[in-house]
Amino acid sequence: MTIELPVLPYPKDALEPYISEQTLGFHYDKHHRAYVDKLNKAIRGTENDGKDLETLILTSQGDVYRNAAQAWNHTFYWNSLKPGGGGEPTGDLAVLLKQEFGSVQKFRAQLAEIAKGEFGSGWAWLVMNAQGHLAVINSDNADNPLRMKLTPLVTIDVWEHAYYLDYQNKREAYVEAILDHLLNWDFIAANIATIIRSQVTSPMRQAAHR
Ligand code: FE
């Protein structure tokens with residue numbers, strides 16, 4: 001089984017003017033595709049051939065782990081953004097963020113601080129832990145929160161290749177543009193709904209209710 005490069009959820013110019021078509025083109029066609037291609041080359045004919053990305057992230061090491069994580073992280077990042085996103089969430093998500101962080105503004109400030117402050121290449125994440133609590137964390141290089149037993153809800157890629165053509169060294173401006181205009185609140189809400197559904201339907205949970 002070959003790991004496929006997923007189709008982008010929107011056209012390459014959809015995030016203009018905040019992320020240019022040129023940046024998205026390089027990022028997807030060169031960087032994301034390269035991680036997928038390198039992964040397929042590394043696993044072909046090995047015991048890892050046929051495993052899905054999440055299994056590879058949880059069980060492999062070295063280049064296989066790094067390329068699997070980068071392949072997964074980038075698909076998650078494309079879905080973390082959308083044209084007309086950013087700003088403030090509404091409804092249950094706004095209530096949850098207030099409960100967990102004190103206010104939506106405090107959540108935003110934490111995510112901005114982590115994204116801007118990541119040393120070198122990495123990722124900023126909103127995650128949910130096994131107890132259902134939310135946290136903002138960073139990960140270095142390719143690292144993926146699934147390895148830390150955390151469920152990702154949204155991410156911002158802060159590798160230079162994500163913003164250098166548009167913002168040069170001004171990572172702060174890139175992060176602010178995402179938070180103001182692109183962050184996909186619907187994706188966060190959908191990821192939380194998936195977690196809740198899986199808990200409701202899990203055999204252990206059902207047994208506990210009997
Ligand atoms: Fe990237």
# chains A, B, ... in the order shown; residues from 1 in each chain; ligands from 1
>>> residues_near_ligand(ligand="ligand 1", cutoff="9 Å", atoms="only C-alpha atoms and all ligand atoms", output="list of chain:residue names")
A:His27, A:Tyr28, A:His31, A:His32, A:Gln70, A:Asn73, A:His74, A:Tyr77, A:Gly122, A:Trp123, A:Asp157, A:Val158, A:Trp159, A:Glu160, A:His161, A:Ala162
>>> select_by_dssp(residues="segment 12-162 of chain A", states="helix (DSSP H, G or I)", output="JSON, numbers by chain")
{"A": [21, 22, 23, 24, 25, 26, 27, 28, 29, 30, 31, 32, 33, 34, 35, 36, 37, 38, 39, 40, 41, 42, 43, 53, 54, 55, 56, 57, 58, 59, 62, 63, 64, 65, 66, 67, 68, 69, 70, 71, 72, 73, 74, 75, 76, 77, 78, 79, 80, 91, 92, 93, 94, 95, 96, 97, 98, 99, 100, 101, 104, 105, 106, 107, 108, 109, 110, 111, 112, 113, 114, 115, 116, 117, 145, 146, 147, 148, 160, 161, 162]}
>>> closest_atom_pairs(of="segment 7-49 of chain A", to="segment 83-96 of chain A", cutoff="12 Å", atoms="only C-alpha atoms", output="tab-separated table")
residue	atom	partner	partner_atom	distance
A:Pro9	CA	A:Pro83	CA	10.5
A:Tyr10	CA	A:Pro83	CA	8.5
A:Pro11	CA	A:Pro83	CA	10.1
A:Lys12	CA	A:Pro83	CA	10.9
A:Asp13	CA	A:Pro83	CA	9.7
A:Ala14	CA	A:Pro83	CA	6.1
A:Leu15	CA	A:Pro83	CA	5.4
A:Glu16	CA	A:Pro83	CA	8.2
A:Pro17	CA	A:Pro83	CA	10.0
A:Tyr18	CA	A:Pro83	CA	9.5
A:Ile19	CA	A:Pro83	CA	10.1
>>> write_last_selection(atoms="N, CA and C atoms", output="PDB file, in the first residue's frame")
ATOM      1  N   PRO A   9      -7.655  20.830   0.542  1.00  0.00           N
ATOM      2  CA  PRO A   9      -9.092  21.080   0.739  1.00  0.00           C
ATOM      3  C   PRO A   9      -9.599  22.353   0.059  1.00  0.00           C
ATOM      4  N   TYR A  10      -8.712  23.116  -0.603  1.00  0.00           N
ATOM      5  CA  TYR A  10      -9.117  24.361  -1.288  1.00  0.00           C
ATOM      6  C   TYR A  10      -8.084  24.641  -2.381  1.00  0.00           C
ATOM      7  N   PRO A  11      -8.442  25.543  -3.329  1.00  0.00           N
ATOM      8  CA  PRO A  11      -7.468  25.887  -4.376  1.00  0.00           C
ATOM      9  C   PRO A  11      -6.227  26.564  -3.769  1.00  0.00           C
ATOM     10  N   LYS A  12      -5.124  26.535  -4.506  1.00  0.00           N
ATOM     11  CA  LYS A  12      -3.864  27.059  -3.952  1.00  0.00           C
ATOM     12  C   LYS A  12      -3.872  28.564  -3.729  1.00  0.00           C
ATOM     13  N   ASP A  13      -4.807  29.270  -4.371  1.00  0.00           N
ATOM     14  CA  ASP A  13      -4.854  30.723  -4.138  1.00  0.00           C
ATOM     15  C   ASP A  13      -5.932  31.102  -3.110  1.00  0.00           C
ATOM     16  N   ALA A  14      -6.531  30.095  -2.472  1.00  0.00           N
ATOM     17  CA  ALA A  14      -7.690  30.362  -1.596  1.00  0.00           C
ATOM     18  C   ALA A  14      -7.318  31.112  -0.320  1.00  0.00           C
ATOM     19  N   LEU A  15      -6.058  31.044   0.090  1.00  0.00           N
ATOM     20  CA  LEU A  15      -5.675  31.674   1.357  1.00  0.00           C
ATOM     21  C   LEU A  15      -5.025  33.043   1.142  1.00  0.00           C
ATOM     22  N   GLU A  16      -5.027  33.500  -0.126  1.00  0.00           N
ATOM     23  CA  GLU A  16      -4.526  34.851  -0.439  1.00  0.00           C
ATOM     24  C   GLU A  16      -5.376  35.887   0.292  1.00  0.00           C
ATOM     25  N   PRO A  17      -4.869  37.028   0.717  1.00  0.00           N
ATOM     26  CA  PRO A  17      -3.481  37.449   0.579  1.00  0.00           C
ATOM     27  C   PRO A  17      -2.598  37.017   1.753  1.00  0.00           C
ATOM     28  N   TYR A  18      -3.148  36.224   2.662  1.00  0.00           N
ATOM     29  CA  TYR A  18      -2.418  35.937   3.907  1.00  0.00           C
ATOM     30  C   TYR A  18      -1.355  34.869   3.701  1.00  0.00           C
ATOM     31  N   ILE A  19      -1.682  33.862   2.870  1.00  0.00           N
ATOM     32  CA  ILE A  19      -0.684  32.884   2.424  1.00  0.00           C
ATOM     33  C   ILE A  19      -0.809  32.844   0.900  1.00  0.00           C
TER      34      ILE A  19
END
>>> closest_residue(among="A:Ala177, A:Leu134, A:Met128, A:Ala112", to="Leu146 of chain A", atoms="only C-alpha atoms")
A:Met128
>>> closest_residue(among="A:Asp166, A:Glu54, A:Glu100, A:Glu4", to="Gln22 of chain A", atoms="only C-alpha atoms")
A:Asp166
>>> residues_around(residues="Ile192 of chain A", least_positions_apart="5", cutoff="12 Å", atoms="only C-alpha atoms", output="PDB file with C-alpha atoms, in the first residue's frame")
ATOM      1  CA  ASP A  92     -20.014  25.428  22.328  1.00  0.00           C
ATOM      2  CA  LEU A  93     -16.405  25.874  21.221  1.00  0.00           C
ATOM      3  CA  LEU A  96     -15.181  25.292  26.071  1.00  0.00           C
ATOM      4  CA  LEU A  97     -12.214  27.589  25.351  1.00  0.00           C
ATOM      5  CA  LEU A 126      -4.083  22.840  20.361  1.00  0.00           C
ATOM      6  CA  VAL A 127      -4.491  19.353  21.827  1.00  0.00           C
ATOM      7  CA  MET A 128      -6.882  17.415  24.048  1.00  0.00           C
ATOM      8  CA  ASN A 129      -5.551  15.048  26.689  1.00  0.00           C
ATOM      9  CA  GLY A 132     -10.681  15.822  27.985  1.00  0.00           C
ATOM     10  CA  HIS A 133      -8.713  18.932  28.916  1.00  0.00           C
ATOM     11  CA  LEU A 134      -7.237  21.277  26.333  1.00  0.00           C
ATOM     12  CA  THR A 151      -5.129  14.271  20.374  1.00  0.00           C
ATOM     13  CA  PRO A 152      -4.403  17.190  18.020  1.00  0.00           C
ATOM     14  CA  LEU A 153      -7.260  19.626  17.402  1.00  0.00           C
ATOM     15  CA  VAL A 154      -5.495  22.253  15.269  1.00  0.00           C
ATOM     16  CA  TRP A 185     -12.686  26.829  14.040  1.00  0.00           C
ATOM     17  CA  ASP A 186     -15.030  24.352  12.331  1.00  0.00           C
ATOM     18  CA  PHE A 187     -12.154  21.865  12.096  1.00  0.00           C
ATOM     19  CA  ARG A 197     -18.446  10.338  19.644  1.00  0.00           C
ATOM     20  CA  SER A 198     -15.642   7.786  19.981  1.00  0.00           C
ATOM     21  CA  GLN A 199     -15.946   7.935  23.770  1.00  0.00           C
TER      22      GLN A 199
END
>>> residues_around(residues="Asn40 of chain A", least_positions_apart="5", cutoff="10 Å", atoms="only C-alpha atoms", output="PyMOL selection string")
chain A and resi 1-4+34-35+45+48-50+64+67-68
>>> select_by_dssp(residues="segment 14-182 of chain A", states="strand (DSSP E or B)", output="list in words")
Leu81, Gly122, Trp123, Ala124, Trp125, Leu126, Val127, Met128, Leu134, Ala135, Val136, Ile137, Asn138, Ser139, Asp140, Thr151, Pro152, Leu153, Val154, Thr155, Ile156 and Asp157 of chain A
>>> closest_residue(among="A:Ile137, A:Ile188, A:Ala71, A:Leu39", to="Leu5 of chain A", atoms="only C-alpha atoms")
A:Ala71
>>> closest_residue(among="A:Glu21, A:Glu118, A:Asp63, A:Glu47", to="Asp140 of chain A", atoms="only C-alpha atoms")
A:Glu118
>>> atom_distance(atom1="atom CA of Thr23 of chain A", atom2="atom CA of Glu172 of chain A")
16.7 Å
>>> closest_residue(among="A:Leu24, A:Leu150, A:Leu183, A:Ile114", to="Asn138 of chain A", atoms="only C-alpha atoms")
A:Ile114
>>> atom_distance(atom1="atom CA of Thr194 of chain A", atom2="atom CA of Arg33 of chain A")
27.4 Å
>>> closest_residue(among="A:Asp29, A:Glu113, A:Asp52, A:Asp143", to="Arg66 of chain A", atoms="only C-alpha atoms")
A:Asp143
